[in-house]
Amino acid sequence: MASLKLRLFLIALLFLFLPGLAYLYLLEVQRFIISGQKQSQLMMAEGIAAIMHGREDLLALHPPSQNVALSVSPTLTPKKIDGQDSDWEADIPQTAYNGFHLRLAENPYYLFMWVDVSDQKVVLRHPNYLRLDTSDALRLTFLDPQGEKKRYLLTTTHPGPVSVYEMQPDWQYATTGQHDANIQAAMSLRPGGYRMEIKFPKLYLSAATEMRLTVQDVDNAKQRTLVGLQSTQNDQDRLNKLMARSVELEKILSGLHHKQAQVWIVDGNGRVRAEQGGLNQTRMQPMSWWEKWLGLDWQAIEDIPSTTVTRSDAIVQKTLAGQSQMEVRKSSDHRAKILMAAAPIQNESGKVIGAVLIEQSNLQILALQKAVLSKLLVSFGVVILIVYGVLLWFAVSLVSRIHQLKYSLQTILDTRGRIISQRLPSTHKKDELGVLSREIELLLLKLKGYTDYLERMPKVLRHEIHNPLNVIQSALFNLEESQPDLADHKYVKSARRGLNRLESLVNDLTSASSLADALQLEEKESFDVCHLLATYVEHLNLRLAHHRIRLHMDVKQLPFYGNDHRIEQMLDKLLDNAVSFATPDSDILMTLTVGQDITLCISNEGPTIPEEMLPSVLEPMVRVRTLQKSDELHLGIGLYVVQQIVENHHGQVWIANRPDQSGVIVQIRFPRETPLGVSLK
Amino acid sequence: MEHITVIEDDQEQSENLCDLLRRRGYCVSVFANKTDALYFLETEPTDLVLLDIILQGEYDAGFDIAQVLLRHRADLPIIFLTERTQEMDQISGLRLGAADYMPKPILLEVLALKVSKLLQAAKARKLEPSDARDRLVQGALEIRMDSYEVFWKGRLVSLTLTETGILSRLAKRPGLVLTLDQLAEQSRTGIVEKNTIATHIKNIRRKLKSVDAEFDGIESVYGAGYKWRA
């Protein structure tokens with residue numbers, strides 16, 4: 001059966017369900033929050049879509065054409081116009097044209113162009129030439145905000161900063177000959193060609209954002225004749241449409257103050273026309289030390305970059321089909337989930353012209369969940385530790401008190417079952433154990449009182465009986481002396497005999513109790529127990545008529561610390577019993593062996609003791625064997641006296657029947673060591 | 001006529017005792033409690049006191065009375081009416097030279113004998129030492145049989161009457177083992193109790209050793225009895 005402590009510990013494990021339940025609750029709350037967030041995002045997307053309703057001007061699609069529209073990517077990094085593209089984002093695409101490659105990027109104020117021209121013979125402008133179509137250069141043609149076509153030539157005499165001139169329609173001479181410093185450009189040579197980096201202010205462009213780039217090629221530095229023109233638009237009368245994200249759109253979005261999400265506006269072809277916000281928002285509150293300790297640092301996630309030109313997600317396609325959608329996907333780095341809500345943007349006639357896509361990571365919810373969970377765990381952990389500690393302390397103290405009670409109960413009785421002390425621990429406590437202790441103490445008190453009464457009884461009895469006995473004795477004597485003729489009267493003799501028997505009985509009854517007191521007071525001394533046994537047996541054998549005591553001893557001399565007279569008394573009782581119950585003419589065996597203990601055995605042939613009586617044969621008033629001499633009295637005191645004497649000498653008595661059931665063996669063991677340190681020679 | 005005071009709280013016993021003593025020719029006064037007895041004995045002389053130890057529930061009343069009496073008269077013969085060997089030890093330990101004891105139930109015949117001997121001994125102690133016929137001398141032991149005084153190496157040893165009787169019986173036959181029956185007859189205990197005799201022997205040895213630590217005159221013959229070493 002498990003101990004109290006173990007059971008209490010196992011029961012207390014139920015407390016561990018609490019954090020589990022709390023976690024489940026937390027998961028439910030998380031699901032609820034996410035669901036709410038999705039709905040909120042969808043409403044926001046639909047709201048933005050409503051704002052964008054009918055704005056075909058912002059989301060107009062261009063018809064397909066051989067001439068690819070110029071796609072402009074957003075850029076976030078500052079650009080040093082040095083003719084190098086080392087500070088250009090790698091994900092800004094490069095479009096190949098005949099003889100050159102073009103990369104276009106923009107920020108809210110500038111359009112950046114990177115042109116890589118393949119030209120085996122680079123001929124730069126002659127500084128003395130006024131005519132400007134006599135060298136390798138770039139031509140920019142665009143519509144200004146007023147809708148007028150403007151022409152600018154970017155040319156240089158040497159690698160490095162490029163001069164920018166507004167040109168006449170024939171591209172031969174500058175209109176004013178003044179360098180336009182608002183357009184910055186730089187050129188660098190490379191094997192097989194040259195590169196030019198241009199920073200073009202968007203203010204120069206019309207809202208339609210149309211522009212054409214043309215590479216002017218001259219291969220002969222002496223003749224300086226134009227050998228070719230390669231352009232982004234084959235039709236010289238037409239310009240390319242710059243597919244840049246709409247500044248106006250982004251202004252609208254920024255006005256909506258979406259700080260917690262990333263908002264994408266795509267056109268009917270899924271091209272990103274505006275983007276605002278981001279997935280990696282800053283924490284709303286600073287981190288505490290334990291959150292850092294628990295590793296709850298806000299970690300940025302990696303997902304679809306904000307410079308993405310097109311969104312071809314399934315959700316976008318479905319939304320462009322005309323239905324609002326909600327989806328959850330994993331971020332690119334699989335660290336978070338992205339909640340997506342998309343709503344279609346329609347024109348006046350209900351045709352879908354674009355879509356609003358709002359994305360938000362669940363990182364904040366996760367972080368919140370982690371924070372709450374960690375707080376819960378810490379709180380629960382502390383509470384459970386405290387509760388466990390208290391329960392454990394309680395269990396230990398309870399078990400300790402029970403052990404104390406058990407130990408006290410074990411030491412309350414001596415070897416003979418007498419109550420030594422009835423004081424128990426914790427009886428002043430008011431709990432159940434205290435009540436139990438008090439009840440047991442009360443019980444012991446009553447029991448001790450009763451046993452004391454029983455123990456006193458022989459003394460009381462002796463005292464009380466002796467007086468009437470004395471009266472009878474003295475009265476009989478006086479009767480016999482005053483009336484001598486009555487001395488021989490049979491009734492007087494009968495009274496005398498009865499009185500003698502009564503006196504003998506009373507003495508037997510009281511001898512045991514007085515012996516206990518006497519033994520406590522008597523002094524012990526060292527004597528030779530072998531000499532005692534030998535002398536005793538020798539003289540006893542002289543008196544015995546029908547038996548003989550055969551003594552065998554391991555040693556010839558054995559110092560023993562005790563009371564020789566009481567040992568003799570012990571032998572009297574044992575041999576009196578042995579002689580009384582021994583088969584006529586049989587020998588009584590007595591052996592003394594010395595080993596770890598001193599063992600004395602007395603064995604006689606004769607009737608055995610019933611097995612069920614053996615345990616109680618040493619108790620007073622126990623008669624177990626049939627007498628062979630009917631006129632002798634055996635009250636059963638003898639063996640009790642033997643036990644008292646043996647115990648007074650720190651020994652033990654055993655009584656058993658012979659293995660062959662031919663008689664009885666009494667074995668007495670005394671410790672070999674004595675308080676005087678006497679040892680066997 | 002010699003006067004005997006009986007202090008016994010049991011009326012029937014005291015009546016029987018008084019009848020016996022009066023038949024023997026003694027004058028007897030009877031008291032049932034300590035207060036009355038002491039009050040009387042403060043002023044009235046007595047030759048011997050028969051004293052029950054337990055009086056009206058007071059367990060050591062007898063000893064208290066004895067000590068008071070002996071303070072006034074150290075040689076007053078007292079016979080204690082005892083119930084157990086412990087009390088015998090106690091009495092013996094009181095070093096009351098003139099005291100003796102009778103275990104209950106009392107054999108009146110023996111009691112009468114003890115009374116007579118104690119009174120004789122008391123008288124003899126007041127007289128000049130008697131002649132050799134009344135002395136028992138065994139080596140360093142001298143017992144004056146008339147006064148029941150015991151000397152060891154010339155020093156008086158305070159033995160009770162019973163102890164003196166047992167010692168004299170042993171010393172009269174040095175080297176001879178006396179059985180317990182034989183010794184019990186001397187102590188007149190009636191019921192032979194080995195441990196009673198053993199207690200007497202123990203007390204005798206203790207008292208003799210108190211005057212001579214080397215005393216070893218009494219030998220225990222286990223299974224037989226005791227003997228005086230020749």
# chains A, B, ... in the order shown; residues from 1 in each chain; ligands from 1
>>> select_by_dssp(residues="segment 363-583 of chain A", states="helix (DSSP H, G or I)", output="PyMOL selection string")
chain A and resi 363-412+432-482+484-486+490-521+529-543+564-581
>>> interface_residues(of="chain B", to="chain A", cutoff="6 Å", atoms="only C-alpha atoms", output="list of chain:residue names")
B:Gln13, B:Asn16, B:Pro105, B:Tyr222, B:Gly223, B:Ala224
>>> write_last_selection(atoms="N, CA and C atoms", output="compact mmCIF listing (two decimals), in the first residue's frame")
# COMPACT_ATOMS: atom_id res chain seq x y z
N GLN B 13 -7.22 -8.75 66.09
CA GLN B 13 -5.84 -9.23 66.25
C GLN B 13 -5.27 -8.73 67.57
N ASN B 16 -6.58 -10.75 70.45
CA ASN B 16 -5.95 -12.07 70.56
C ASN B 16 -4.55 -11.96 71.13
N PRO B 105 1.14 -14.25 58.77
CA PRO B 105 0.37 -14.36 60.03
C PRO B 105 1.27 -14.80 61.19
N TYR B 222 25.10 -24.07 47.83
CA TYR B 222 23.99 -24.05 46.90
C TYR B 222 23.29 -25.40 46.85
N GLY B 223 21.98 -25.33 46.92
CA GLY B 223 21.19 -26.55 46.90
C GLY B 223 21.04 -27.20 48.26
N ALA B 224 21.75 -26.67 49.26
CA ALA B 224 21.69 -27.29 50.58
C ALA B 224 21.32 -26.27 51.64
>>> closest_residue(among="B:Thr35, B:Ala74, B:Ile201, B:Leu111", to="Cys18 of chain B", atoms="only C-alpha atoms")
B:Leu111
>>> select_by_dssp(residues="segment 106-168 of chain A", states="strand (DSSP E or B)", output="ChimeraX atom specification")
/A:106,110-118,137-143,149-155,160-161,163-167
>>> residues_around(residues="Leu208 of chain B", least_positions_apart="2", cutoff="12 Å", atoms="only C-alpha atoms", output="PyMOL selection string")
chain B and resi 140-142+150-159+163-164+167+201-206+210-218
>>> write_last_selection(atoms="C-alpha atoms", output="PDB file, in the first residue's frame")
ATOM      1  CA  ALA B 140      36.479 -13.392  65.882  1.00  0.00           C
ATOM      2  CA  LEU B 141      32.801 -13.944  66.551  1.00  0.00           C
ATOM      3  CA  GLU B 142      31.378 -13.616  70.015  1.00  0.00           C
ATOM      4  CA  VAL B 150      27.004  -9.950  68.806  1.00  0.00           C
ATOM      5  CA  PHE B 151      30.627  -8.880  68.596  1.00  0.00           C
ATOM      6  CA  TRP B 152      32.973  -9.298  65.710  1.00  0.00           C
ATOM      7  CA  LYS B 153      36.563  -8.651  66.400  1.00  0.00           C
ATOM      8  CA  GLY B 154      35.463  -6.969  69.597  1.00  0.00           C
ATOM      9  CA  ARG B 155      33.062  -4.603  67.852  1.00  0.00           C
ATOM     10  CA  LEU B 156      29.345  -4.653  68.577  1.00  0.00           C
ATOM     11  CA  VAL B 157      27.224  -5.582  65.578  1.00  0.00           C
ATOM     12  CA  SER B 158      23.543  -4.606  65.690  1.00  0.00           C
ATOM     13  CA  LEU B 159      21.673  -7.765  64.657  1.00  0.00           C
ATOM     14  CA  GLU B 163      19.462 -12.679  62.837  1.00  0.00           C
ATOM     15  CA  THR B 164      21.298 -13.366  66.069  1.00  0.00           C
ATOM     16  CA  LEU B 167      24.012 -16.649  63.243  1.00  0.00           C
ATOM     17  CA  ILE B 201      21.705 -14.225  55.786  1.00  0.00           C
ATOM     18  CA  LYS B 202      22.181 -11.275  53.464  1.00  0.00           C
ATOM     19  CA  ASN B 203      21.510  -8.839  56.280  1.00  0.00           C
ATOM     20  CA  ILE B 204      23.841 -10.689  58.637  1.00  0.00           C
ATOM     21  CA  ARG B 205      26.607 -10.603  56.061  1.00  0.00           C
ATOM     22  CA  ARG B 206      26.034  -6.936  55.356  1.00  0.00           C
ATOM     23  CA  SER B 210      30.088  -3.097  57.895  1.00  0.00           C
ATOM     24  CA  VAL B 211      32.473  -3.700  60.755  1.00  0.00           C
ATOM     25  CA  ASP B 212      34.874  -5.876  58.774  1.00  0.00           C
ATOM     26  CA  ALA B 213      34.990  -5.531  55.008  1.00  0.00           C
ATOM     27  CA  GLU B 214      36.869  -8.831  54.726  1.00  0.00           C
ATOM     28  CA  PHE B 215      34.156 -10.815  56.512  1.00  0.00           C
ATOM     29  CA  ASP B 216      33.485 -14.068  54.741  1.00  0.00           C
ATOM     30  CA  GLY B 217      32.355 -16.294  57.577  1.00  0.00           C
ATOM     31  CA  ILE B 218      29.105 -17.538  56.087  1.00  0.00           C
TER      32      ILE B 218
END
>>> residues_around(residues="Leu51 of chain B", least_positions_apart="2", cutoff="12 Å", atoms="only C-alpha atoms", output="PyMOL selection string")
chain B and resi 4-10+14+17+29-34+37-38+48-49+53-55+60-67+69+77-82+91+99-103
>>> decode(residues="segment 578-589 of chain A", atoms="all heavy atoms", output="PDB file, in the first residue's frame")
ATOM      1  N   ALA A 578      10.591 -29.647  36.950  1.00  0.00           N
ATOM      2  CA  ALA A 578      11.108 -30.802  36.206  1.00  0.00           C
ATOM      3  C   ALA A 578      10.917 -32.091  36.999  1.00  0.00           C
ATOM      4  O   ALA A 578      10.482 -33.112  36.459  1.00  0.00           O
ATOM      5  CB  ALA A 578      12.575 -30.568  35.869  1.00  0.00           C
ATOM      6  N   VAL A 579      11.258 -32.020  38.276  1.00  0.00           N
ATOM      7  CA  VAL A 579      11.120 -33.212  39.110  1.00  0.00           C
ATOM      8  C   VAL A 579       9.650 -33.593  39.244  1.00  0.00           C
ATOM      9  O   VAL A 579       9.286 -34.774  39.192  1.00  0.00           O
ATOM     10  CB  VAL A 579      11.773 -32.972  40.493  1.00  0.00           C
ATOM     11  CG1 VAL A 579      11.398 -34.060  41.478  1.00  0.00           C
ATOM     12  CG2 VAL A 579      13.285 -32.888  40.355  1.00  0.00           C
ATOM     13  N   SER A 580       8.805 -32.585  39.392  1.00  0.00           N
ATOM     14  CA  SER A 580       7.381 -32.864  39.578  1.00  0.00           C
ATOM     15  C   SER A 580       6.773 -33.550  38.368  1.00  0.00           C
ATOM     16  O   SER A 580       5.901 -34.406  38.503  1.00  0.00           O
ATOM     17  CB  SER A 580       6.628 -31.564  39.846  1.00  0.00           C
ATOM     18  OG  SER A 580       7.036 -31.002  41.060  1.00  0.00           O
ATOM     19  N   PHE A 581       7.230 -33.141  37.185  1.00  0.00           N
ATOM     20  CA  PHE A 581       6.581 -33.647  35.975  1.00  0.00           C
ATOM     21  C   PHE A 581       7.383 -34.713  35.261  1.00  0.00           C
ATOM     22  O   PHE A 581       6.903 -35.272  34.267  1.00  0.00           O
ATOM     23  CB  PHE A 581       6.302 -32.479  35.011  1.00  0.00           C
ATOM     24  CG  PHE A 581       5.250 -31.528  35.522  1.00  0.00           C
ATOM     25  CD1 PHE A 581       5.612 -30.301  36.080  1.00  0.00           C
ATOM     26  CD2 PHE A 581       3.909 -31.859  35.471  1.00  0.00           C
ATOM     27  CE1 PHE A 581       4.641 -29.419  36.555  1.00  0.00           C
ATOM     28  CE2 PHE A 581       2.932 -30.990  35.955  1.00  0.00           C
ATOM     29  CZ  PHE A 581       3.295 -29.778  36.505  1.00  0.00           C
ATOM     30  N   ALA A 582       8.573 -35.012  35.746  1.00  0.00           N
ATOM     31  CA  ALA A 582       9.399 -36.006  35.046  1.00  0.00           C
ATOM     32  C   ALA A 582       8.851 -37.412  35.250  1.00  0.00           C
ATOM     33  O   ALA A 582       8.289 -37.746  36.299  1.00  0.00           O
ATOM     34  CB  ALA A 582      10.841 -35.908  35.530  1.00  0.00           C
ATOM     35  N   THR A 583       9.066 -38.203  34.225  1.00  0.00           N
ATOM     36  CA  THR A 583       8.701 -39.627  34.301  1.00  0.00           C
ATOM     37  C   THR A 583       9.502 -40.260  35.447  1.00  0.00           C
ATOM     38  O   THR A 583      10.697 -39.983  35.592  1.00  0.00           O
ATOM     39  CB  THR A 583       9.059 -40.333  32.983  1.00  0.00           C
ATOM     40  OG1 THR A 583       8.459 -39.632  31.904  1.00  0.00           O
ATOM     41  CG2 THR A 583       8.599 -41.781  32.976  1.00  0.00           C
ATOM     42  N   PRO A 584       8.866 -41.070  36.262  1.00  0.00           N
ATOM     43  CA  PRO A 584       9.598 -41.680  37.373  1.00  0.00           C
ATOM     44  C   PRO A 584      10.850 -42.391  36.909  1.00  0.00           C
ATOM     45  O   PRO A 584      10.860 -43.038  35.860  1.00  0.00           O
ATOM     46  CB  PRO A 584       8.581 -42.660  37.958  1.00  0.00           C
ATOM     47  CG  PRO A 584       7.252 -42.112  37.588  1.00  0.00           C
ATOM     48  CD  PRO A 584       7.432 -41.430  36.271  1.00  0.00           C
ATOM     49  N   ASP A 585      11.914 -42.209  37.710  1.00  0.00           N
ATOM     50  CA  ASP A 585      13.219 -42.838  37.477  1.00  0.00           C
ATOM     51  C   ASP A 585      13.898 -42.342  36.223  1.00  0.00           C
ATOM     52  O   ASP A 585      14.853 -42.982  35.731  1.00  0.00           O
ATOM     53  CB  ASP A 585      13.096 -44.382  37.416  1.00  0.00           C
ATOM     54  CG  ASP A 585      12.564 -44.954  38.713  1.00  0.00           C
ATOM     55  OD1 ASP A 585      12.977 -44.450  39.776  1.00  0.00           O
ATOM     56  OD2 ASP A 585      11.705 -45.859  38.659  1.00  0.00           O
ATOM     57  N   SER A 586      13.427 -41.244  35.692  1.00  0.00           N
ATOM     58  CA  SER A 586      14.120 -40.703  34.518  1.00  0.00           C
ATOM     59  C   SER A 586      15.103 -39.639  34.961  1.00  0.00           C
ATOM     60  O   SER A 586      14.977 -39.077  36.062  1.00  0.00           O
ATOM     61  CB  SER A 586      13.108 -40.098  33.544  1.00  0.00           C
ATOM     62  OG  SER A 586      12.450 -39.004  34.150  1.00  0.00           O
ATOM     63  N   ASP A 587      16.089 -39.393  34.110  1.00  0.00           N
ATOM     64  CA  ASP A 587      17.077 -38.363  34.425  1.00  0.00           C
ATOM     65  C   ASP A 587      16.598 -37.003  33.924  1.00  0.00           C
ATOM     66  O   ASP A 587      15.877 -36.925  32.930  1.00  0.00           O
ATOM     67  CB  ASP A 587      18.422 -38.684  33.759  1.00  0.00           C
ATOM     68  CG  ASP A 587      19.121 -39.830  34.474  1.00  0.00           C
ATOM     69  OD1 ASP A 587      18.677 -40.206  35.567  1.00  0.00           O
ATOM     70  OD2 ASP A 587      20.118 -40.334  33.906  1.00  0.00           O
ATOM     71  N   ILE A 588      17.064 -36.022  34.651  1.00  0.00           N
ATOM     72  CA  ILE A 588      16.790 -34.643  34.217  1.00  0.00           C
ATOM     73  C   ILE A 588      18.118 -34.070  33.745  1.00  0.00           C
ATOM     74  O   ILE A 588      19.132 -34.145  34.444  1.00  0.00           O
ATOM     75  CB  ILE A 588      16.219 -33.802  35.371  1.00  0.00           C
ATOM     76  CG1 ILE A 588      14.832 -34.340  35.735  1.00  0.00           C
ATOM     77  CG2 ILE A 588      16.130 -32.338  34.990  1.00  0.00           C
ATOM     78  CD1 ILE A 588      14.359 -33.928  37.094  1.00  0.00           C
ATOM     79  N   LEU A 589      18.092 -33.565  32.525  1.00  0.00           N
ATOM     80  CA  LEU A 589      19.339 -33.099  31.925  1.00  0.00           C
ATOM     81  C   LEU A 589      19.486 -31.591  32.108  1.00  0.00           C
ATOM     82  O   LEU A 589      18.551 -30.836  31.879  1.00  0.00           O
ATOM     83  CB  LEU A 589      19.340 -33.404  30.423  1.00  0.00           C
ATOM     84  CG  LEU A 589      19.053 -34.854  30.057  1.00  0.00           C
ATOM     85  CD1 LEU A 589      18.909 -35.002  28.547  1.00  0.00           C
ATOM     86  CD2 LEU A 589      20.154 -35.773  30.576  1.00  0.00           C
TER      87      LEU A 589
END
